[in-house]
$ cat upload12.pdb   # PDB, C-alpha atoms
ATOM      1  CA  MET A 197     -11.216  -4.960 -13.039  1.00  0.00           C
ATOM      2  CA  SER A 198      -9.912  -8.021 -14.812  1.00  0.00           C
ATOM      3  CA  THR A 199      -8.088 -11.064 -13.525  1.00  0.00           C
ATOM      4  CA  ILE A 200      -5.340 -13.144 -15.062  1.00  0.00           C
ATOM      5  CA  SER A 201      -3.317 -16.079 -13.775  1.00  0.00           C
ATOM      6  CA  THR A 202       0.302 -15.489 -12.842  1.00  0.00           C
ATOM      7  CA  VAL A 203       1.302 -17.959 -15.572  1.00  0.00           C
ATOM      8  CA  LYS A 204      -0.508 -15.970 -18.269  1.00  0.00           C
ATOM      9  CA  ALA A 205       0.780 -12.714 -16.783  1.00  0.00           C
ATOM     10  CA  ARG A 206       4.340 -13.990 -17.091  1.00  0.00           C
ATOM     11  CA  GLU A 207       3.724 -14.973 -20.727  1.00  0.00           C
ATOM     12  CA  ASN A 208       2.192 -11.571 -21.553  1.00  0.00           C
ATOM     13  CA  PHE A 209       4.026  -9.287 -19.158  1.00  0.00           C
ATOM     14  CA  SER A 210       4.616  -6.344 -21.507  1.00  0.00           C
ATOM     15  CA  ASP A 211       0.971  -6.400 -22.622  1.00  0.00           C
ATOM     16  CA  LEU A 212      -0.146  -6.495 -18.975  1.00  0.00           C
ATOM     17  CA  VAL A 213       2.038  -3.504 -18.120  1.00  0.00           C
ATOM     18  CA  ASN A 214       0.743  -1.557 -21.127  1.00  0.00           C
ATOM     19  CA  ARG A 215      -2.879  -2.323 -20.254  1.00  0.00           C
ATOM     20  CA  SER A 216      -2.317  -0.877 -16.808  1.00  0.00           C
ATOM     21  CA  ALA A 217      -0.019   2.009 -17.720  1.00  0.00           C
ATOM     22  CA  TYR A 218      -1.767   3.292 -20.840  1.00  0.00           C
ATOM     23  CA  GLY A 219      -5.254   1.799 -20.577  1.00  0.00           C
ATOM     24  CA  LYS A 220      -5.531   2.624 -16.867  1.00  0.00           C
ATOM     25  CA  GLU A 221      -6.729  -0.939 -16.277  1.00  0.00           C
ATOM     26  CA  ARG A 222      -6.457  -2.633 -12.900  1.00  0.00           C
ATOM     27  CA  VAL A 223      -5.500  -6.286 -13.206  1.00  0.00           C
ATOM     28  CA  VAL A 224      -5.549  -8.852 -10.398  1.00  0.00           C
ATOM     29  CA  LEU A 225      -3.060 -11.696 -10.768  1.00  0.00           C
ATOM     30  CA  THR A 226      -4.283 -15.012  -9.472  1.00  0.00           C
ATOM     31  CA  ARG A 227      -2.654 -18.194  -8.315  1.00  0.00           C
ATOM     32  CA  ARG A 228      -4.835 -21.289  -8.043  1.00  0.00           C
ATOM     33  CA  GLY A 229      -7.874 -19.086  -8.577  1.00  0.00           C
ATOM     34  CA  LYS A 230      -7.137 -16.697  -5.713  1.00  0.00           C
ATOM     35  CA  GLY A 231      -6.003 -13.092  -6.069  1.00  0.00           C
ATOM     36  CA  VAL A 232      -2.433 -12.597  -4.901  1.00  0.00           C
ATOM     37  CA  VAL A 233      -1.373  -9.213  -6.287  1.00  0.00           C
ATOM     38  CA  ALA A 234      -2.632  -6.376  -8.454  1.00  0.00           C
ATOM     39  CA  VAL A 235      -1.076  -4.390 -11.263  1.00  0.00           C
ATOM     40  CA  VAL A 236      -2.447  -0.863 -11.145  1.00  0.00           C
ATOM     41  CA  PRO A 237      -1.711   2.419 -12.894  1.00  0.00           C
ATOM     42  CA  ILE A 238       0.849   4.556 -11.095  1.00  0.00           C
ATOM     43  CA  GLU A 239      -1.843   7.179 -10.448  1.00  0.00           C
ATOM     44  CA  ASP A 240      -3.790   4.627  -8.396  1.00  0.00           C
ATOM     45  CA  LEU A 241      -0.713   3.824  -6.335  1.00  0.00           C
ATOM     46  CA  LYS A 242      -0.025   7.504  -5.695  1.00  0.00           C
ATOM     47  CA  LEU A 243      -3.633   8.000  -4.602  1.00  0.00           C
ATOM     48  CA  LEU A 244      -3.431   5.034  -2.206  1.00  0.00           C
ATOM     49  CA  GLU A 245      -0.211   6.375  -0.721  1.00  0.00           C
ATOM     50  CA  ALA A 246      -1.739   9.851  -0.296  1.00  0.00           C
ATOM     51  CA  ILE A 247      -4.726   8.319   1.499  1.00  0.00           C
ATOM     52  CA  GLU A 248      -2.414   6.333   3.799  1.00  0.00           C
ATOM     53  CA  ASP A 249      -0.378   9.468   4.537  1.00  0.00           C
ATOM     54  CA  ARG A 250      -3.550  11.381   5.392  1.00  0.00           C
ATOM     55  CA  LEU A 251      -4.737   8.615   7.713  1.00  0.00           C
ATOM     56  CA  ASP A 252      -1.329   8.554   9.409  1.00  0.00           C
ATOM     57  CA  LEU A 253      -1.472  12.322   9.857  1.00  0.00           C
ATOM     58  CA  ASP A 254      -4.970  12.060  11.354  1.00  0.00           C
ATOM     59  CA  ASP A 255      -3.667   9.473  13.844  1.00  0.00           C
ATOM     60  CA  VAL A 256      -0.750  11.718  14.801  1.00  0.00           C
ATOM     61  CA  GLU A 257      -3.033  14.719  15.296  1.00  0.00           C
ATOM     62  CA  LYS A 258      -5.349  12.663  17.528  1.00  0.00           C
ATOM     63  CA  ALA A 259      -2.413  11.364  19.552  1.00  0.00           C
ATOM     64  CA  LEU A 260      -0.999  14.869  20.016  1.00  0.00           C
ATOM     65  CA  ALA A 261      -4.392  16.194  21.088  1.00  0.00           C
ATOM     66  CA  ASP A 262      -4.732  13.524  23.812  1.00  0.00           C
ATOM     67  CA  PRO A 263      -3.581  14.970  27.155  1.00  0.00           C
ATOM     68  CA  LYS A 264      -2.252  11.533  28.197  1.00  0.00           C
ATOM     69  CA  ASN A 265       0.340  11.772  25.404  1.00  0.00           C
ATOM     70  CA  LYS A 266       1.966  14.957  26.684  1.00  0.00           C
ATOM     71  CA  LYS A 267       4.451  13.047  28.849  1.00  0.00           C
ATOM     72  CA  ALA A 268       7.871  12.536  27.259  1.00  0.00           C
ATOM     73  CA  ILE A 269       9.075   8.977  26.701  1.00  0.00           C
ATOM     74  CA  PRO A 270      12.775   8.377  27.339  1.00  0.00           C
ATOM     75  CA  TRP A 271      14.762   7.535  24.197  1.00  0.00           C
ATOM     76  CA  ASP A 272      16.151   4.356  25.795  1.00  0.00           C
ATOM     77  CA  LYS A 273      12.608   3.074  26.353  1.00  0.00           C
ATOM     78  CA  VAL A 274      11.626   3.852  22.757  1.00  0.00           C
ATOM     79  CA  LYS A 275      14.663   1.944  21.447  1.00  0.00           C
ATOM     80  CA  LYS A 276      13.925  -0.993  23.728  1.00  0.00           C
ATOM     81  CA  ASP A 277      10.232  -1.091  22.706  1.00  0.00           C
ATOM     82  CA  LEU A 278      11.282  -1.088  19.032  1.00  0.00           C
ATOM     83  CA  GLY A 279      13.920  -3.752  19.590  1.00  0.00           C
ATOM     84  CA  LEU A 280      16.779  -1.460  18.601  1.00  0.00           C
TER      85      LEU A 280
END

$ encode --input "upload12.pdb" --output "structure tokens"
Amino acid sequence: MSTISTVKARENFSDLVNRSAYGKERVVLTRRGKGVVAVVPIEDLKLLEAIEDRLDLDDVEKALADPKNKKAIPWDKVKKDLGL
């Protein structure tokens, strides 16, 4: 994985995109020497999202399997807890 400053990334944006899209390279953009964001191939992003979805599904299955979660929660309480 390579790193490049945000200034250089801005100057060479199309090259950076091509390196990631066609070369399948992961590039970390830095600001003041610290990583702030990454440019990754779309396949990497899709894989990350699939992993997150699977983890969310695992959490839901665990919650549904817990006998304490069988009690219904009133819709008004849900809205209030979410600040809606």

$ atom_distance --input "upload12.pdb" --atom1 "CA of Arg222 (chain A)" --atom2 "CA of Asp249 (chain A)"
22.1 Å

$ residues_near_point --input "upload12.pdb" --point "(1.0, -13.2, -7.5)" --cutoff "12 Å" --atoms "all atoms listed in the file" --output "NGL selection string"
:A and (199-206 or 223-235)

$ axis_aligned_box --input "upload12.pdb" --around "region 254-267 of chain A" --padding-each-side "5 Å" --output "JSON"
{"center_x": -0.4, "center_y": 12.8, "center_z": 20.1, "size_x": 19.8, "size_y": 16.7, "size_z": 27.5}

$ resolve_selection --input "upload12.pdb" --expression "the PyMOL selection byres ((chain A and resi 220) around 12)" --output "list of chain:residue names"
A:Met197, A:Ser198, A:Leu212, A:Val213, A:Asn214, A:Arg215, A:Ser216, A:Ala217, A:Tyr218, A:Gly219, A:Glu221, A:Arg222, A:Val223, A:Val235, A:Val236, A:Pro237, A:Ile238, A:Glu239, A:Asp240, A:Leu241

$ write_last_selection --input "upload12.pdb" --atoms "C-alpha atoms" --output "PDB file, in the coordinates of the input"
ATOM      1  CA  MET A 197     -11.216  -4.960 -13.039  1.00  0.00           C
ATOM      2  CA  SER A 198      -9.912  -8.021 -14.812  1.00  0.00           C
ATOM      3  CA  LEU A 212      -0.146  -6.495 -18.975  1.00  0.00           C
ATOM      4  CA  VAL A 213       2.038  -3.504 -18.120  1.00  0.00           C
ATOM      5  CA  ASN A 214       0.743  -1.557 -21.127  1.00  0.00           C
ATOM      6  CA  ARG A 215      -2.879  -2.323 -20.254  1.00  0.00           C
ATOM      7  CA  SER A 216      -2.317  -0.877 -16.808  1.00  0.00           C
ATOM      8  CA  ALA A 217      -0.019   2.009 -17.720  1.00  0.00           C
ATOM      9  CA  TYR A 218      -1.767   3.292 -20.840  1.00  0.00           C
ATOM     10  CA  GLY A 219      -5.254   1.799 -20.577  1.00  0.00           C
ATOM     11  CA  GLU A 221      -6.729  -0.939 -16.277  1.00  0.00           C
ATOM     12  CA  ARG A 222      -6.457  -2.633 -12.900  1.00  0.00           C
ATOM     13  CA  VAL A 223      -5.500  -6.286 -13.206  1.00  0.00           C
ATOM     14  CA  VAL A 235      -1.076  -4.390 -11.263  1.00  0.00           C
ATOM     15  CA  VAL A 236      -2.447  -0.863 -11.145  1.00  0.00           C
ATOM     16  CA  PRO A 237      -1.711   2.419 -12.894  1.00  0.00           C
ATOM     17  CA  ILE A 238       0.849   4.556 -11.095  1.00  0.00           C
ATOM     18  CA  GLU A 239      -1.843   7.179 -10.448  1.00  0.00           C
ATOM     19  CA  ASP A 240      -3.790   4.627  -8.396  1.00  0.00           C
ATOM     20  CA  LEU A 241      -0.713   3.824  -6.335  1.00  0.00           C
TER      21      LEU A 241
END

$ build_atoms --input "upload12.pdb" --residues "region 216-251 of chain A" --atoms "N, CA and C atoms" --output "tab-separated table (two decimals), in the frame of the given file"
chain	number	residue	atom	x	y	z
A	216	SER	N	-2.20	-1.64	-18.04
A	216	SER	CA	-2.32	-0.88	-16.81
A	216	SER	C	-1.80	0.55	-16.98
A	217	ALA	N	-0.65	0.70	-17.59
A	217	ALA	CA	-0.02	2.01	-17.72
A	217	ALA	C	-0.78	2.93	-18.67
A	218	TYR	N	-1.15	2.43	-19.82
A	218	TYR	CA	-1.77	3.29	-20.84
A	218	TYR	C	-3.29	3.17	-20.88
A	219	GLY	N	-3.81	1.99	-20.57
A	219	GLY	CA	-5.25	1.80	-20.58
A	219	GLY	C	-5.90	2.05	-19.23
A	220	LYS	N	-5.06	2.35	-18.24
A	220	LYS	CA	-5.53	2.62	-16.87
A	220	LYS	C	-6.36	1.47	-16.31
A	221	GLU	N	-6.01	0.26	-16.72
A	221	GLU	CA	-6.73	-0.94	-16.28
A	221	GLU	C	-6.09	-1.51	-15.02
A	222	ARG	N	-6.92	-1.95	-14.11
A	222	ARG	CA	-6.46	-2.63	-12.90
A	222	ARG	C	-6.58	-4.12	-13.17
A	223	VAL	N	-5.51	-4.86	-12.91
A	223	VAL	CA	-5.50	-6.29	-13.21
A	223	VAL	C	-5.06	-7.05	-11.96
A	224	VAL	N	-5.88	-8.00	-11.54
A	224	VAL	CA	-5.55	-8.85	-10.40
A	224	VAL	C	-4.90	-10.12	-10.92
A	225	LEU	N	-3.73	-10.45	-10.40
A	225	LEU	CA	-3.06	-11.70	-10.77
A	225	LEU	C	-3.48	-12.77	-9.78
A	226	THR	N	-3.80	-13.93	-10.32
A	226	THR	CA	-4.28	-15.01	-9.47
A	226	THR	C	-3.34	-16.20	-9.50
A	227	ARG	N	-3.39	-16.93	-8.42
A	227	ARG	CA	-2.65	-18.19	-8.32
A	227	ARG	C	-3.64	-19.19	-7.71
A	228	ARG	N	-3.85	-20.28	-8.44
A	228	ARG	CA	-4.84	-21.29	-8.04
A	228	ARG	C	-6.21	-20.67	-7.80
A	229	GLY	N	-6.56	-19.70	-8.64
A	229	GLY	CA	-7.87	-19.09	-8.58
A	229	GLY	C	-8.06	-18.00	-7.53
A	230	LYS	N	-7.02	-17.72	-6.76
A	230	LYS	CA	-7.14	-16.70	-5.71
A	230	LYS	C	-6.25	-15.50	-6.05
A	231	GLY	N	-6.78	-14.30	-5.83
A	231	GLY	CA	-6.00	-13.09	-6.07
A	231	GLY	C	-4.80	-13.01	-5.14
A	232	VAL	N	-3.65	-12.70	-5.72
A	232	VAL	CA	-2.43	-12.60	-4.90
A	232	VAL	C	-1.77	-11.22	-5.00
A	233	VAL	N	-2.00	-10.52	-6.09
A	233	VAL	CA	-1.37	-9.21	-6.29
A	233	VAL	C	-2.14	-8.48	-7.38
A	234	ALA	N	-1.97	-7.16	-7.41
A	234	ALA	CA	-2.63	-6.38	-8.45
A	234	ALA	C	-1.62	-5.51	-9.18
A	235	VAL	N	-1.84	-5.34	-10.46
A	235	VAL	CA	-1.08	-4.39	-11.26
A	235	VAL	C	-2.01	-3.22	-11.50
A	236	VAL	N	-1.58	-2.05	-11.05
A	236	VAL	CA	-2.45	-0.86	-11.14
A	236	VAL	C	-1.68	0.28	-11.78
A	237	PRO	N	-2.39	1.23	-12.37
A	237	PRO	CA	-1.71	2.42	-12.89
A	237	PRO	C	-1.01	3.17	-11.77
A	238	ILE	N	0.06	3.85	-12.10
A	238	ILE	CA	0.85	4.56	-11.10
A	238	ILE	C	0.00	5.61	-10.38
A	239	GLU	N	-0.97	6.19	-11.08
A	239	GLU	CA	-1.84	7.18	-10.45
A	239	GLU	C	-2.64	6.56	-9.30
A	240	ASP	N	-3.06	5.32	-9.47
A	240	ASP	CA	-3.79	4.63	-8.40
A	240	ASP	C	-2.89	4.42	-7.18
A	241	LEU	N	-1.65	4.03	-7.43
A	241	LEU	CA	-0.71	3.82	-6.34
A	241	LEU	C	-0.46	5.13	-5.60
A	242	LYS	N	-0.26	6.21	-6.33
A	242	LYS	CA	-0.02	7.50	-5.70
A	242	LYS	C	-1.22	7.92	-4.86
A	243	LEU	N	-2.43	7.67	-5.36
A	243	LEU	CA	-3.63	8.00	-4.60
A	243	LEU	C	-3.71	7.18	-3.31
A	244	LEU	N	-3.43	5.88	-3.40
A	244	LEU	CA	-3.43	5.03	-2.21
A	244	LEU	C	-2.42	5.52	-1.17
A	245	GLU	N	-1.24	5.89	-1.64
A	245	GLU	CA	-0.21	6.38	-0.72
A	245	GLU	C	-0.62	7.70	-0.09
A	246	ALA	N	-1.27	8.58	-0.85
A	246	ALA	CA	-1.74	9.85	-0.30
A	246	ALA	C	-2.81	9.61	0.77
A	247	ILE	N	-3.69	8.66	0.51
A	247	ILE	CA	-4.73	8.32	1.50
A	247	ILE	C	-4.09	7.78	2.77
A	248	GLU	N	-3.11	6.87	2.62
A	248	GLU	CA	-2.41	6.33	3.80
A	248	GLU	C	-1.71	7.44	4.57
A	249	ASP	N	-1.06	8.35	3.87
A	249	ASP	CA	-0.38	9.47	4.54
A	249	ASP	C	-1.37	10.32	5.32
A	250	ARG	N	-2.53	10.56	4.72
A	250	ARG	CA	-3.55	11.38	5.39
A	250	ARG	C	-4.06	10.68	6.65
A	251	LEU	N	-4.29	9.37	6.54
A	251	LEU	CA	-4.74	8.62	7.71
A	251	LEU	C	-3.68	8.63	8.82
